[in-house]
Amino acid sequence: MTHDSGSSRRIFLKTTAAIAATSWLPASSYARIMGSNDRLHMAVIGTGGMGTVHTNRLVKRKQEDNIDVIQVCDVYRRRLNNAMNVIGHGEDCGTMRHEDVLDNGDVDAVVIATPDHWHTRIAVEAMESGKDVYCEKPLSLTIPQALECRDAVRRTGRTLQVGPQGTSSGAFWTARDAIGEGRIGKPVWSQGSYCRNSRGGQFNWTIDPGAGPNGDPTSEGYVDWDRWLGHEHGLAEKIEWNPDHFFRFRKYFAYNGGVATDLLYHKLAPFMMAISGHDGEYPRRVVASGGRYLEKDERDIPDSFMMMADYPSEHTVVLVSVMTNDLGVPDIIRGQYGTMKFEDGVTLHEQAVWADEFRKANRDTVTVTKRIGEDGKETVIPPRGQAISRHEVAPRRDHMGNFLDAIRKGDRLSCNVELGASTMVAIKMAVESYRQDKVMLWDAESETIRPA
């Protein structure tokens, strides 16, 4: 790491971030002023499962996207050493302290792939250090954290992409256009699911023997357990070393929201982008149900989880995540005039009672003919209720590519912090509904939740 040579650069980044927050120009404009052809220097914070995937993929796209991962960070020495080998920048390219990354003036953007309870703190600190951020989903552990991150983006003007890749799917952008054009009428309710099954139990990932907080910090098995917990910052409770919590953190509400935040966040964010727009929408009321029906080990998260979210725009989303049977329900958005399905592109199926309105809204894609039979009766083809409007899906940049283009060219983010925060609110309300066994309401004025 080269800290001295980056001092002036760091001051420049902070200055432009502050200017962008108060100027009519967006932060992306300053990214272009910095030079769209300059190599973008990146760092990955958290090099476990998803962090390792990001690191490998970023290294592979080094030439194509003119980027370079110059630093990695993790509290587990074995994972850190592996990531250092992947990026190949020598023995000084890794650190166990995320602050070292944020103080590195040569780093332009960071990828945050830590456990959920650390997401917001690192993201806010990174933006305040003048860096752009790709934050894995979910945006946060709590609602106040999500709102803090949203406000930090507004204040600093930095670029922040949240990680549900489905928001970069061309299908949902096509869906957004179709809904905005009124092709299915007013959306009334939607459904989706993310289901799995396994013999070993979901999230029971391998525990490395010999790993822990004792011993030499340079040894392969060393884990900085206190830093991982973040108890000094109030991020999690201080407890003794627990390898199940460390290696299998998604089983515990202390560090995440279980299948709701890990899986259903992937579903809700694209739905809300398509239905409510690119900034999403905050819910009005959320209720959840489910339980630990089969996976009765140390976990406190449910293996079966269902949620319903009602929105002020008068639309309800129904989502299901079950870890004991992998047969879910298809993604569907239902409107008054038609039903939207994601099959061979995006297809809109008319409602018979509103066939006239559906065909008028889709006259450019639905051909209607009339025939006079031998008996003199007129027949309309297709019959009412059978018309289909088909929409091809245009290819789009992948989610990380969209983030890079937003930094360099000011492209619209697939999942900006506004959509990320509103999605997080609904998901967290569902988690709290399940845990408290109560319907949860959103107070838009105070931006807080309460039981009904």
# chains A, B, ... in the order shown; residues from 1 in each chain; ligands from 1

call {"tool": "closest_atom_pairs", "arguments": {"of": "region 68-110 of chain A", "to": "region 394-404 of chain A", "cutoff": "12 Å", "atoms": "only C-alpha atoms", "output": "tab-separated table"}}
result
residue	atom	partner	partner_atom	distance
A:Asp68	CA	A:Leu404	CA	12.0
A:Asp108	CA	A:Leu404	CA	11.0
A:Ala109	CA	A:Leu404	CA	9.3
A:Val110	CA	A:Phe403	CA	11.1

call {"tool": "write_last_selection", "arguments": {"atoms": "N, CA and C atoms", "output": "PDB file, in the first residue's frame"}}
result
ATOM      1  N   ASP A  68      -8.454  -2.410 -11.262  1.00  0.00           N
ATOM      2  CA  ASP A  68      -7.436  -3.206 -10.584  1.00  0.00           C
ATOM      3  C   ASP A  68      -7.785  -3.287  -9.101  1.00  0.00           C
ATOM      4  N   ASP A 108     -10.147   3.842  -5.017  1.00  0.00           N
ATOM      5  CA  ASP A 108     -11.243   4.688  -5.483  1.00  0.00           C
ATOM      6  C   ASP A 108     -12.610   4.160  -5.058  1.00  0.00           C
ATOM      7  N   ALA A 109     -12.749   2.844  -5.023  1.00  0.00           N
ATOM      8  CA  ALA A 109     -14.047   2.236  -4.731  1.00  0.00           C
ATOM      9  C   ALA A 109     -13.850   0.945  -3.965  1.00  0.00           C
ATOM     10  N   VAL A 110     -14.819   0.623  -3.103  1.00  0.00           N
ATOM     11  CA  VAL A 110     -14.726  -0.592  -2.302  1.00  0.00           C
ATOM     12  C   VAL A 110     -15.942  -1.469  -2.542  1.00  0.00           C
TER      13      VAL A 110
END

call {"tool": "select_by_dssp", "arguments": {"residues": "region 81-317 of chain A", "states": "helix (DSSP H, G or I)", "output": "CSV table (one decimal) with C-alpha atoms, in the first residue's frame"}}
result
chain,number,residue,atom,x,y,z
A,81,ASN,CA,-4.0,-14.7,2.4
A,82,ASN,CA,-6.1,-16.4,-0.3
A,83,ALA,CA,-7.5,-13.1,-1.5
A,84,MET,CA,-4.0,-11.5,-1.5
A,85,ASN,CA,-2.8,-14.3,-3.7
A,86,VAL,CA,-5.7,-13.8,-6.1
A,87,ILE,CA,-5.0,-10.0,-6.6
A,98,HIS,CA,-11.0,-2.0,7.2
A,99,GLU,CA,-9.8,1.4,8.3
A,100,ASP,CA,-6.5,0.7,6.4
A,101,VAL,CA,-8.5,0.4,3.2
A,102,LEU,CA,-10.4,3.6,3.8
A,116,ASP,CA,-24.6,-7.9,7.3
A,117,HIS,CA,-24.2,-6.2,10.6
A,118,TRP,CA,-21.0,-4.5,9.4
A,119,HIS,CA,-22.4,-3.3,6.0
A,120,THR,CA,-23.6,0.2,6.9
A,121,ARG,CA,-20.8,1.2,9.2
A,122,ILE,CA,-18.2,0.5,6.6
A,123,ALA,CA,-20.2,1.9,3.7
A,124,VAL,CA,-20.8,5.2,5.5
A,125,GLU,CA,-17.1,5.5,6.5
A,126,ALA,CA,-16.0,4.7,3.0
A,127,MET,CA,-18.2,7.4,1.4
A,128,GLU,CA,-17.0,9.9,4.0
A,143,ILE,CA,-33.7,0.0,9.7
A,144,PRO,CA,-31.9,2.9,11.4
A,145,GLN,CA,-28.7,1.6,9.7
A,146,ALA,CA,-30.3,1.6,6.3
A,147,LEU,CA,-31.6,5.1,6.7
A,148,GLU,CA,-28.2,6.3,7.9
A,149,CYS,CA,-26.6,4.9,4.8
A,150,ARG,CA,-29.3,6.5,2.6
A,151,ASP,CA,-28.7,9.8,4.2
A,152,ALA,CA,-24.9,9.4,3.9
A,153,VAL,CA,-25.3,9.0,0.1
A,154,ARG,CA,-27.4,12.1,0.0
A,155,ARG,CA,-24.9,14.0,2.0
A,156,THR,CA,-21.7,12.9,0.3
A,165,GLN,CA,-28.3,-8.6,-9.1
A,166,GLY,CA,-31.9,-9.1,-10.2
A,167,THR,CA,-32.3,-5.3,-10.5
A,168,SER,CA,-29.9,-5.4,-13.4
A,170,GLY,CA,-33.3,-6.7,-18.4
A,171,ALA,CA,-36.6,-8.4,-17.7
A,172,PHE,CA,-37.4,-6.2,-14.8
A,173,TRP,CA,-36.4,-3.1,-16.7
A,174,THR,CA,-38.7,-4.2,-19.5
A,175,ALA,CA,-41.4,-4.8,-16.8
A,176,ARG,CA,-40.8,-1.3,-15.5
A,177,ASP,CA,-41.4,0.2,-18.9
A,178,ALA,CA,-44.5,-1.9,-19.6
A,179,ILE,CA,-46.0,-1.0,-16.2
A,180,GLY,CA,-45.2,2.7,-16.7
A,225,TRP,CA,-13.1,-12.3,16.7
A,226,ASP,CA,-13.7,-9.1,18.6
A,227,ARG,CA,-13.4,-7.1,15.4
A,228,TRP,CA,-15.8,-9.5,13.6
A,229,LEU,CA,-18.4,-9.0,16.3
A,231,HIS,CA,-19.3,-5.1,19.9
A,232,GLU,CA,-17.2,-1.9,20.5
A,233,HIS,CA,-19.4,-0.2,18.0
A,243,PRO,CA,-17.2,-21.1,15.4
A,244,ASP,CA,-20.8,-21.8,14.4
A,245,HIS,CA,-21.6,-18.1,14.7
A,246,PHE,CA,-18.5,-17.1,12.7
A,247,PHE,CA,-18.7,-19.7,9.8
A,249,PHE,CA,-23.6,-16.5,10.6
A,250,ARG,CA,-26.7,-16.6,8.5
A,251,LYS,CA,-28.3,-18.9,11.0
A,259,VAL,CA,-33.7,-16.2,4.5
A,260,ALA,CA,-35.6,-12.9,4.5
A,261,THR,CA,-32.5,-10.7,4.1
A,262,ASP,CA,-30.3,-13.3,2.3
A,263,LEU,CA,-32.9,-14.5,-0.3
A,264,LEU,CA,-36.1,-12.5,-0.4
A,265,TYR,CA,-34.2,-9.2,-0.7
A,266,HIS,CA,-33.2,-10.5,-4.1
A,267,LYS,CA,-36.9,-10.8,-5.0
A,268,LEU,CA,-38.4,-7.7,-3.5
A,269,ALA,CA,-35.9,-5.2,-4.9
A,270,PRO,CA,-36.5,-6.0,-8.6
A,271,PHE,CA,-40.3,-6.2,-8.0
A,272,MET,CA,-40.3,-2.7,-6.4
A,273,MET,CA,-38.1,-1.3,-9.1
A,274,ALA,CA,-40.5,-2.5,-11.7
A,275,ILE,CA,-43.7,-1.6,-9.9
A,276,SER,CA,-42.9,1.6,-8.0

call {"tool": "select_by_dssp", "arguments": {"residues": "region 43-149 of chain A", "states": "strand (DSSP E or B)", "output": "list in words"}}
result
Ala43, Val44, Ile45, Ile67, Asp68, Val69, Ile70, Gln71, Val72, Cys73, Tyr76, Gly94, Thr95, Ala109, Val110, Val111, Ile112, Asp132, Val133, Tyr134 and Cys135 of chain A

call {"tool": "write_last_selection", "arguments": {"atoms": "N, CA and C atoms", "output": "tab-separated table (two decimals), in the first residue's frame"}}
result
chain	number	residue	atom	x	y	z
A	43	ALA	N	-10.95	-2.10	-3.86
A	43	ALA	CA	-10.60	-2.96	-2.74
A	43	ALA	C	-11.83	-3.77	-2.37
A	44	VAL	N	-11.60	-4.96	-1.85
A	44	VAL	CA	-12.68	-5.82	-1.39
A	44	VAL	C	-12.55	-5.98	0.12
A	45	ILE	N	-13.61	-5.65	0.84
A	45	ILE	CA	-13.63	-5.77	2.30
A	45	ILE	C	-14.57	-6.91	2.66
A	67	ILE	N	-9.85	-1.88	-14.56
A	67	ILE	CA	-9.89	-1.80	-13.11
A	67	ILE	C	-8.76	-2.63	-12.53
A	68	ASP	N	-8.45	-2.41	-11.26
A	68	ASP	CA	-7.44	-3.21	-10.58
A	68	ASP	C	-7.78	-3.29	-9.10
A	69	VAL	N	-7.89	-4.50	-8.59
A	69	VAL	CA	-8.10	-4.70	-7.16
A	69	VAL	C	-6.74	-4.63	-6.49
A	70	ILE	N	-6.49	-3.56	-5.75
A	70	ILE	CA	-5.17	-3.34	-5.20
A	70	ILE	C	-5.07	-3.66	-3.71
A	71	GLN	N	-6.23	-3.93	-3.06
A	71	GLN	CA	-6.19	-4.21	-1.64
A	71	GLN	C	-7.38	-5.07	-1.24
A	72	VAL	N	-7.16	-5.94	-0.26
A	72	VAL	CA	-8.22	-6.78	0.27
A	72	VAL	C	-8.15	-6.75	1.79
A	73	CYS	N	-9.30	-7.05	2.42
A	73	CYS	CA	-9.38	-6.98	3.87
A	73	CYS	C	-10.27	-8.09	4.40
A	76	TYR	N	-10.15	-12.89	9.03
A	76	TYR	CA	-9.71	-14.28	9.09
A	76	TYR	C	-8.48	-14.41	8.20
A	94	GLY	N	-2.80	-6.79	1.75
A	94	GLY	CA	-3.89	-7.25	2.59
A	94	GLY	C	-3.83	-6.66	3.98
A	95	THR	N	-4.98	-6.52	4.61
A	95	THR	CA	-5.06	-5.99	5.97
A	95	THR	C	-6.24	-6.62	6.68
A	109	ALA	N	-12.75	2.84	-5.02
A	109	ALA	CA	-14.05	2.24	-4.73
A	109	ALA	C	-13.85	0.94	-3.96
A	110	VAL	N	-14.82	0.62	-3.10
A	110	VAL	CA	-14.73	-0.59	-2.30
A	110	VAL	C	-15.94	-1.47	-2.54
A	111	VAL	N	-15.71	-2.78	-2.44
A	111	VAL	CA	-16.78	-3.77	-2.45
A	111	VAL	C	-16.90	-4.30	-1.02
A	112	ILE	N	-18.08	-4.18	-0.43
A	112	ILE	CA	-18.29	-4.62	0.94
A	112	ILE	C	-19.04	-5.95	0.92
A	132	ASP	N	-16.41	5.40	-3.59
A	132	ASP	CA	-17.68	4.85	-4.03
A	132	ASP	C	-17.80	3.43	-3.51
A	133	VAL	N	-19.03	2.93	-3.42
A	133	VAL	CA	-19.28	1.69	-2.69
A	133	VAL	C	-20.21	0.76	-3.46
A	134	TYR	N	-19.80	-0.50	-3.56
A	134	TYR	CA	-20.68	-1.59	-3.95
A	134	TYR	C	-20.92	-2.39	-2.68
A	135	CYS	N	-22.15	-2.39	-2.17
A	135	CYS	CA	-22.46	-3.05	-0.91
A	135	CYS	C	-23.32	-4.27	-1.17

call {"tool": "residues_around", "arguments": {"residues": "region 373-382 of chain A", "least_positions_apart": "6", "cutoff": "12 Å", "atoms": "only C-alpha atoms", "output": "list in words"}}
result
His349, Glu350, Ala352, Ala355, Asp356, Arg359, Val366, Thr367, Ile388 and Ser389 of chain A

call {"tool": "residues_around", "arguments": {"residues": "Asp224 (chain A)", "least_positions_apart": "5", "cutoff": "8 Å", "atoms": "only C-alpha atoms", "output": "JSON, numbers by chain"}}
result
{"A": [75, 76, 96, 212, 213, 217]}

call {"tool": "write_last_selection", "arguments": {"atoms": "N, CA and C atoms", "output": "PDB file, in the first residue's frame"}}
result
ATOM      1  N   VAL A  75     -10.969 -10.371   8.458  1.00  0.00           N
ATOM      2  CA  VAL A  75     -10.539 -10.610   9.840  1.00  0.00           C
ATOM      3  C   VAL A  75     -10.044 -12.041  10.044  1.00  0.00           C
ATOM      4  N   TYR A  76     -10.151 -12.886   9.031  1.00  0.00           N
ATOM      5  CA  TYR A  76      -9.709 -14.278   9.086  1.00  0.00           C
ATOM      6  C   TYR A  76      -8.477 -14.411   8.205  1.00  0.00           C
ATOM      7  N   MET A  96      -6.175  -6.670   8.008  1.00  0.00           N
ATOM      8  CA  MET A  96      -7.289  -7.166   8.807  1.00  0.00           C
ATOM      9  C   MET A  96      -8.126  -6.014   9.370  1.00  0.00           C
ATOM     10  N   GLY A 212      -9.687 -19.688  14.999  1.00  0.00           N
ATOM     11  CA  GLY A 212     -10.121 -19.040  16.227  1.00  0.00           C
ATOM     12  C   GLY A 212      -9.290 -17.831  16.570  1.00  0.00           C
ATOM     13  N   PRO A 213      -9.623 -17.154  17.654  1.00  0.00           N
ATOM     14  CA  PRO A 213      -8.957 -15.899  18.007  1.00  0.00           C
ATOM     15  C   PRO A 213      -7.643 -16.054  18.763  1.00  0.00           C
ATOM     16  N   PRO A 217      -1.387 -13.701  15.264  1.00  0.00           N
ATOM     17  CA  PRO A 217      -2.252 -13.097  14.255  1.00  0.00           C
ATOM     18  C   PRO A 217      -1.805 -13.361  12.819  1.00  0.00           C
TER      19      PRO A 217
END

call {"tool": "residues_around", "arguments": {"residues": "Arg390 (chain A)", "least_positions_apart": "3", "cutoff": "7 Å", "atoms": "only C-alpha atoms", "output": "compact mmCIF listing (two decimals) with N, CA and C atoms, in the first residue's frame"}}
result
# COMPACT_ATOMS: atom_id res chain seq x y z
N VAL A 346 -40.73 -11.12 -21.40
CA VAL A 346 -41.82 -10.68 -20.53
C VAL A 346 -43.11 -10.78 -21.32
N THR A 347 -44.09 -11.53 -20.78
CA THR A 347 -45.36 -11.70 -21.47
C THR A 347 -46.48 -11.16 -20.62
N LEU A 348 -47.40 -10.47 -21.29
CA LEU A 348 -48.55 -9.88 -20.63
C LEU A 348 -49.80 -10.60 -21.10
N THR A 365 -48.56 -4.44 -29.98
CA THR A 365 -48.03 -5.80 -29.86
C THR A 365 -49.11 -6.87 -29.95

call {"tool": "closest_atom_pairs", "arguments": {"of": "region 344-450 of chain A", "to": "region 319-328 of chain A", "cutoff": "12 Å", "atoms": "only C-alpha atoms", "output": "tab-separated table"}}
result
residue	atom	partner	partner_atom	distance
A:Ala426	CA	A:Leu319	CA	11.4
A:Ile427	CA	A:Leu319	CA	10.2
A:Ala430	CA	A:Leu319	CA	10.3

call {"tool": "residues_around", "arguments": {"residues": "Pro312 (chain A)", "least_positions_apart": "2", "cutoff": "7 Å", "atoms": "only C-alpha atoms", "output": "PyMOL selection string"}}
result
chain A and resi 283-284+310+314

call {"tool": "atom_distance", "arguments": {"atom1": "CA of Trp205 (chain A)", "atom2": "CA of Arg248 (chain A)"}}
result
6.0 Å

call {"tool": "atom_distance", "arguments": {"atom1": "CA of Gln351 (chain A)", "atom2": "CA of Gly338 (chain A)"}}
result
5.0 Å

call {"tool": "atom_distance", "arguments": {"atom1": "CA of Thr47 (chain A)", "atom2": "CA of Lys62 (chain A)"}}
result
18.1 Å
